Each structure stands twice: as C-alpha cells, then as structure tokens.
$ cat work-v3.pdb   # PDB, C-alpha atoms
MODEL        1
ATOM      1  CA  MET A   1      55.487 127.668  -7.199
ATOM      2  CA  SER A   2      56.451 127.751 -10.852
ATOM      3  CA  SER A   3      55.181 125.306 -13.478
ATOM      4  CA  THR A   4      58.626 123.707 -13.729
ATOM      5  CA  GLU A   5      58.575 122.952 -10.013
ATOM      6  CA  LEU A   6      55.299 121.058 -10.461
ATOM      7  CA  LEU A   7      56.865 118.765 -13.058
ATOM      8  CA  GLU A   8      59.865 117.786 -10.947
ATOM      9  CA  PRO A   9      59.409 114.596  -8.946
ATOM     10  CA  THR A  10      59.747 115.021  -5.226
ATOM     11  CA  ALA A  11      60.318 111.336  -4.393
ATOM     12  CA  ALA A  12      61.635 108.293  -6.197
ATOM     13  CA  VAL A  13      58.919 106.184  -7.811
ATOM     14  CA  SER A  14      59.085 102.464  -7.180
ATOM     15  CA  THR A  15      57.159  99.707  -8.891
ATOM     16  CA  VAL A  16      55.775  96.940  -6.729
ATOM     17  CA  LYS A  17      55.456  93.553  -8.409
ATOM     18  CA  ALA A  18      52.998  91.093  -6.920
ATOM     19  CA  TYR A  19      53.857  87.418  -7.130
ATOM     20  CA  LEU A  20      51.563  84.424  -6.936
ATOM     21  CA  ARG A  21      51.427  82.716  -3.543
ATOM     22  CA  PRO A  22      54.489  80.420  -3.498
ATOM     23  CA  ILE A  23      54.512  76.731  -2.693
ATOM     24  CA  ASP A  24      56.700  75.126  -0.047
ATOM     25  CA  GLY A  25      60.044  74.664  -1.821
ATOM     26  CA  THR A  26      61.428  72.474   0.958
ATOM     27  CA  GLY A  27      58.363  70.225   0.871
ATOM     28  CA  LEU A  28      58.640  70.017  -2.911
ATOM     29  CA  ALA A  29      62.312  68.996  -2.640
ATOM     30  CA  THR A  30      61.414  66.304  -0.074
ATOM     31  CA  PHE A  31      58.634  64.970  -2.335
ATOM     32  CA  ALA A  32      61.037  64.979  -5.323
ATOM     33  CA  ALA A  33      63.648  63.080  -3.289
ATOM     34  CA  LYS A  34      61.053  60.379  -2.510
ATOM     35  CA  GLY A  35      60.415  60.027  -6.250
ATOM     36  CA  GLN A  36      64.136  59.730  -6.932
ATOM     37  CA  ALA A  37      64.494  57.083  -4.234
ATOM     38  CA  ASN A  38      61.481  55.100  -5.459
ATOM     39  CA  PRO A  39      60.639  55.815  -9.134
ATOM     40  CA  ALA A  40      57.969  53.063  -9.113
ATOM     41  CA  SER A  41      55.906  54.734  -6.365
ATOM     42  CA  ARG A  42      52.225  55.364  -7.116
ATOM     43  CA  GLY A  43      49.377  57.215  -5.472
ATOM     44  CA  THR A  44      45.683  56.489  -5.862
ATOM     45  CA  ASN A  45      42.988  59.074  -6.570
ATOM     46  CA  LYS A  46      39.476  58.073  -5.517
ATOM     47  CA  VAL A  47      36.202  59.592  -6.667
ATOM     48  CA  HIS A  48      32.624  58.460  -5.962
ATOM     49  CA  THR A  49      30.034  59.646  -8.506
ATOM     50  CA  VAL A  50      26.292  59.604  -7.795
ATOM     51  CA  MET A  51      23.749  60.261 -10.552
ATOM     52  CA  GLU A  52      20.958  62.691  -9.597
ATOM     53  CA  GLY A  53      18.889  62.255 -12.733
ATOM     54  CA  GLN A  54      18.896  63.139 -16.408
ATOM     55  CA  TYR A  55      22.636  63.754 -16.963
ATOM     56  CA  ARG A  56      23.407  65.583 -13.703
ATOM     57  CA  SER A  57      25.805  63.847 -11.320
ATOM     58  CA  LEU A  58      27.762  64.663  -8.184
ATOM     59  CA  SER A  59      31.323  63.405  -7.809
ATOM     60  CA  TYR A  60      32.639  63.244  -4.272
ATOM     61  CA  VAL A  61      36.373  63.688  -3.786
ATOM     62  CA  GLY A  62      37.655  63.471  -0.213
ATOM     63  CA  ASN A  63      36.012  65.987   2.103
ATOM     64  CA  HIS A  64      35.448  68.580  -0.622
ATOM     65  CA  ALA A  65      32.166  69.894  -1.974
ATOM     66  CA  PRO A  66      30.981  67.624  -4.772
ATOM     67  CA  VAL A  67      32.020  68.313  -8.341
ATOM     68  CA  VAL A  68      28.780  68.760 -10.278
ATOM     69  CA  VAL A  69      28.604  67.510 -13.859
ATOM     70  CA  ASP A  70      25.793  67.949 -16.379
ATOM     71  CA  GLU A  71      25.394  68.037 -20.139
ATOM     72  CA  PRO A  72      24.382  71.037 -22.246
ATOM     73  CA  LEU A  73      20.850  71.438 -23.559
ATOM     74  CA  HIS A  74      21.748  70.226 -27.068
ATOM     75  CA  LEU A  75      22.822  66.906 -25.477
ATOM     76  CA  PHE A  76      19.597  66.637 -23.454
ATOM     77  CA  GLY A  77      21.039  67.833 -20.156
ATOM     78  CA  GLU A  78      19.942  70.860 -18.169
ATOM     79  CA  ASP A  79      23.243  72.777 -18.538
ATOM     80  CA  THR A  80      23.456  73.332 -14.755
ATOM     81  CA  ALA A  81      27.160  72.521 -14.584
ATOM     82  CA  PRO A  82      30.150  71.781 -16.817
ATOM     83  CA  ALA A  83      30.018  68.762 -19.120
ATOM     84  CA  PRO A  84      32.253  65.740 -18.416
ATOM     85  CA  GLY A  85      34.733  66.698 -21.144
ATOM     86  CA  GLU A  86      34.996  70.206 -19.710
ATOM     87  CA  ILE A  87      35.746  68.714 -16.299
ATOM     88  CA  VAL A  88      38.478  66.589 -17.910
ATOM     89  CA  LEU A  89      39.980  69.722 -19.482
ATOM     90  CA  SER A  90      39.783  71.530 -16.129
ATOM     91  CA  GLY A  91      41.754  68.669 -14.571
ATOM     92  CA  LEU A  92      44.331  69.003 -17.343
ATOM     93  CA  GLY A  93      44.561  72.762 -16.803
ATOM     94  CA  GLY A  94      44.950  72.314 -13.068
ATOM     95  CA  CYS A  95      47.661  69.697 -13.517
ATOM     96  CA  ILE A  96      49.620  71.841 -15.975
ATOM     97  CA  ALA A  97      49.316  74.864 -13.661
ATOM     98  CA  VAL A  98      50.552  72.779 -10.720
ATOM     99  CA  GLY A  99      53.463  71.519 -12.818
ATOM    100  CA  VAL A 100      54.458  74.990 -14.007
ATOM    101  CA  THR A 101      54.338  76.232 -10.412
ATOM    102  CA  ALA A 102      56.442  73.303  -9.168
ATOM    103  CA  VAL A 103      59.055  73.589 -11.928
ATOM    104  CA  ALA A 104      59.273  77.369 -11.471
ATOM    105  CA  THR A 105      59.801  76.850  -7.731
ATOM    106  CA  TRP A 106      62.462  74.215  -8.435
ATOM    107  CA  LYS A 107      64.262  76.632 -10.771
ATOM    108  CA  GLY A 108      63.915  79.572  -8.340
ATOM    109  CA  VAL A 109      61.616  81.562 -10.640
ATOM    110  CA  LYS A 110      58.888  83.661  -9.021
ATOM    111  CA  LEU A 111      55.649  83.762 -11.006
ATOM    112  CA  SER A 112      53.381  86.804 -11.131
ATOM    113  CA  LYS A 113      50.739  85.405 -13.498
ATOM    114  CA  LEU A 114      49.726  81.933 -14.655
ATOM    115  CA  GLU A 115      46.677  81.110 -16.739
ATOM    116  CA  VAL A 116      45.976  77.999 -18.824
ATOM    117  CA  PHE A 117      43.546  78.082 -21.755
ATOM    118  CA  MET A 118      42.320  74.789 -23.217
ATOM    119  CA  GLU A 119      40.199  73.684 -26.138
ATOM    120  CA  GLY A 120      39.323  70.114 -26.939
ATOM    121  CA  ASP A 121      37.568  68.763 -30.019
ATOM    122  CA  ILE A 122      35.433  65.877 -28.807
ATOM    123  CA  GLY A 123      33.402  63.357 -30.758
ATOM    124  CA  ASN A 124      30.419  61.339 -29.623
ATOM    125  CA  PRO A 125      28.885  60.062 -32.889
ATOM    126  CA  ALA A 126      27.909  56.791 -31.179
ATOM    127  CA  ALA A 127      25.646  58.747 -28.756
ATOM    128  CA  TRP A 128      27.376  57.068 -25.774
ATOM    129  CA  GLY A 129      26.684  53.718 -27.463
ATOM    130  CA  ALA A 130      22.925  54.283 -27.428
ATOM    131  CA  GLY A 131      22.303  53.533 -31.086
ATOM    132  CA  GLY A 132      24.365  56.237 -32.793
ATOM    133  CA  ALA A 133      27.235  55.499 -35.148
ATOM    134  CA  LEU A 134      27.972  52.104 -33.609
ATOM    135  CA  GLU A 135      30.563  51.229 -36.245
ATOM    136  CA  LYS A 136      32.908  53.783 -34.673
ATOM    137  CA  THR A 137      35.878  52.480 -32.711
ATOM    138  CA  PRO A 138      37.172  53.949 -29.434
ATOM    139  CA  PRO A 139      40.033  55.894 -31.086
ATOM    140  CA  GLU A 140      37.416  57.708 -33.209
ATOM    141  CA  MET A 141      35.474  58.876 -30.143
ATOM    142  CA  GLY A 142      36.346  61.181 -27.288
ATOM    143  CA  PHE A 143      38.907  63.926 -27.589
ATOM    144  CA  GLN A 144      40.344  64.060 -31.078
ATOM    145  CA  ALA A 145      42.541  67.102 -30.491
ATOM    146  CA  ILE A 146      43.459  69.247 -27.496
ATOM    147  CA  ARG A 147      45.063  72.661 -27.705
ATOM    148  CA  VAL A 148      46.636  74.312 -24.662
ATOM    149  CA  LYS A 149      47.978  77.851 -24.345
ATOM    150  CA  VAL A 150      49.793  78.944 -21.202
ATOM    151  CA  LEU A 151      50.034  82.596 -20.218
ATOM    152  CA  VAL A 152      52.858  82.894 -17.698
ATOM    153  CA  GLU A 153      54.759  85.861 -16.347
ATOM    154  CA  GLY A 154      57.482  86.004 -13.757
ATOM    155  CA  ASP A 155      61.004  87.090 -12.985
ATOM    156  CA  ALA A 156      62.583  85.171 -15.883
ATOM    157  CA  SER A 157      62.954  85.616 -19.630
ATOM    158  CA  ARG A 158      60.291  84.369 -22.019
ATOM    159  CA  GLU A 159      62.678  81.581 -23.086
ATOM    160  CA  VAL A 160      63.119  80.354 -19.504
ATOM    161  CA  LEU A 161      59.370  80.547 -18.871
ATOM    162  CA  ASP A 162      58.770  78.512 -22.049
ATOM    163  CA  GLU A 163      61.289  75.897 -20.854
ATOM    164  CA  ILE A 164      59.368  75.698 -17.565
ATOM    165  CA  VAL A 165      56.061  75.225 -19.399
ATOM    166  CA  GLN A 166      57.487  72.549 -21.715
ATOM    167  CA  HIS A 167      59.113  70.710 -18.796
ATOM    168  CA  ALA A 168      55.848  70.784 -16.816
ATOM    169  CA  ASN A 169      53.939  69.517 -19.864
ATOM    170  CA  PHE A 170      56.375  66.628 -20.404
ATOM    171  CA  TYR A 171      55.978  65.448 -16.796
ATOM    172  CA  SER A 172      52.266  66.247 -16.284
ATOM    173  CA  PRO A 173      50.479  63.127 -14.953
ATOM    174  CA  VAL A 174      47.129  64.225 -16.426
ATOM    175  CA  ALA A 175      48.563  65.277 -19.803
ATOM    176  CA  ASN A 176      50.409  61.964 -20.019
ATOM    177  CA  SER A 177      47.227  60.073 -19.079
ATOM    178  CA  MET A 178      45.503  61.763 -22.013
ATOM    179  CA  ARG A 179      48.400  61.317 -24.470
ATOM    180  CA  ASN A 180      49.205  57.708 -23.729
ATOM    181  CA  PRO A 181      47.067  54.575 -23.685
ATOM    182  CA  ILE A 182      46.642  53.241 -20.142
ATOM    183  CA  PRO A 183      45.161  50.041 -18.762
ATOM    184  CA  PHE A 184      41.473  50.651 -18.107
ATOM    185  CA  GLU A 185      38.946  48.303 -16.581
ATOM    186  CA  ILE A 186      35.314  48.611 -15.625
ATOM    187  CA  SER A 187      33.173  46.128 -13.717
ATOM    188  CA  MET A 188      29.998  45.885 -11.700
ATOM    189  CA  ALA A 189      30.379  46.948  -8.036
TER     190      ALA A 189
ENDMDL
END
$ encode --input "work-v3.pdb" --output "structure tokens"
Amino acid sequence: MSSTELLEPTAAVSTVKAYLRPIDGTGLATFAAKGQANPASRGTNKVHTVMEGQYRSLSYVGNHAPVVVDEPLHLFGEDTAPAPGEIVLSGLGGCIAVGVTAVATWKGVKLSKLEVFMEGDIGNPAAWGAGGALEKTPPEMGFQAIRVKVLVEGDASREVLDEIVQHANFYSPVANSMRNPIPFEISMA
C-alpha cells in the first residue's frame, strides 16, 4: 500500500448532530389553543415551606423532593443550599429555558444546546427589616438588576434563534412577574 492510498478516504464521513429531547408539539398546540380560547385562564402554583432552623428551610412542591434553601456564611446561614435569591434566579432560568423550547417547537426549530446564565444584583440593607437601614423602601431592596445570557444552538440561523429567545422572554411568566408589579398579600395562617 502506498502512502497516497493511506490518505484517500474509503467511506463517506457523516456528521451526527444530537438534538435536545423534544417536547410534545401536539400537546403544546392543544395548550396554546386553550389559551387562545380563554385568555383570562390562570393556574395556581402551590408551595409549602418549613423552616428547619437558622436560615435553612425546605419547600415542598407537589410530590417532588423538597427544595432546600439556606443563606451563605456571610449572612449567618450554613451555606448548605442555594440562597433564596439564587432559587428565584433558577426559577427564572427554568422558565426562560421552557419558553425557548416551546417557541422553538412552535417554529419547527430543533435545538441542540440551550443554557441560561443569570446574574442578579440584590440588596438587603434593611437586614430583612431586623434593624438595618429601615429608611429604605421596597423598590430599593431586592433585585436591583438582573442580567440574562442565553446560549442556544439548533438548526436555525443566529437571527432566528435570537428571535426565539426574545419571544420567549417577552412571554415568560416568571420574567414578567419579576419585571412588573403584581398584587401581593401576606397574612397569618
């Protein structure tokens, strides 16, 4: 065998592209049709949170394992789990990822990669109201800025993928809950 024979391919090379597990497009269309038929429809999310001690709590959601929340050491927690604000950002990331997946499915775009990176600048100068900067008002506390970057790849151009991301952001229930004031009440059980 000559050296030129070694360099010649003997079979065609094919690239295999792996896609993310798809959602049920028919189910999505049925759900969307319900929303079109009744734009005022609402669902209710329910969570039951039980404090273990210090700042560690367990939040029970349906039949799932509890979501554990703690505070970092510098805030007098034990740093055994994500902080409440980090859990909020994880909910935002999950909602945006769900939205991107749904919109991509709606538009017939197969996704091969989807990652959401979030940062949130959060203020707590009032120390949860325990004697800190008590002159602060609610708009001055909590998240002051949130930055989201979406890494998405699929069988569409970058422009189409960006349109999908922007569309999902515009209609994200969690993003809109964070962007817009909502009625909020708290009372003794």
$ resolve_selection --input "work-v3.pdb" --expression "the PyMOL selection byres ((chain A and resi 70) around 8)" --output "list in words"
Tyr55, Arg56, Ser57, Val68, Val69, Glu71, Pro72, Gly77, Glu78, Asp79, Thr80, Ala81, Pro82, Ala83 and Pro84 of chain A
$ resolve_selection --input "work-v3.pdb" --expression "the PyMOL selection byres ((chain A and resi 93) around 12)" --output "ChimeraX atom specification"
/A:86-92,94-100,114-120,146-151,168-169,172-175
$ atom_distance --input "work-v3.pdb" --atom1 "CA of Phe31 in chain A" --atom2 "CA of Val109 in chain A"
18.8 Å
$ closest_residue --input "work-v3.pdb" --among "A:Phe76, A:Pro39, A:Trp106, A:His48" --to "Gly27 in chain A" --atoms "all atoms listed in the file"
A:Trp106
$ residues_around --input "work-v3.pdb" --residues "Thr26 in chain A" --least-positions-apart "5" --cutoff "12 Å" --atoms "all atoms listed in the file" --output "NGL selection string"
:A and (31-33 or 102 or 105-106 or 108)
$ resolve_selection --input "work-v3.pdb" --expression "the PyMOL selection byres ((chain A and resi 19) around 9)" --output "list in words"
Lys17, Ala18, Leu20, Arg21, Pro22, Lys110, Leu111, Ser112, Lys113 and Gly154 of chain A
$ atom_distance --input "work-v3.pdb" --atom1 "CA of Val67 in chain A" --atom2 "CA of Met51 in chain A"
11.8 Å
$ atom_distance --input "work-v3.pdb" --atom1 "CA of Gln166 in chain A" --atom2 "CA of Arg42 in chain A"
23.2 Å
$ closest_residue --input "work-v3.pdb" --among "A:Asn45, A:Ile122, A:Gly131, A:Val160" --to "Ala145 in chain A" --atoms "all atoms listed in the file"
A:Ile122
$ closest_residue --input "work-v3.pdb" --among "A:Ala133, A:Met141, A:Ala156, A:Val61" --to "Asp121 in chain A" --atoms "all atoms listed in the file"
A:Met141
$ closest_residue --input "work-v3.pdb" --among "A:Ile164, A:Leu73, A:Ala12, A:Val103" --to "Gly25 in chain A" --atoms "all atoms listed in the file"
A:Val103
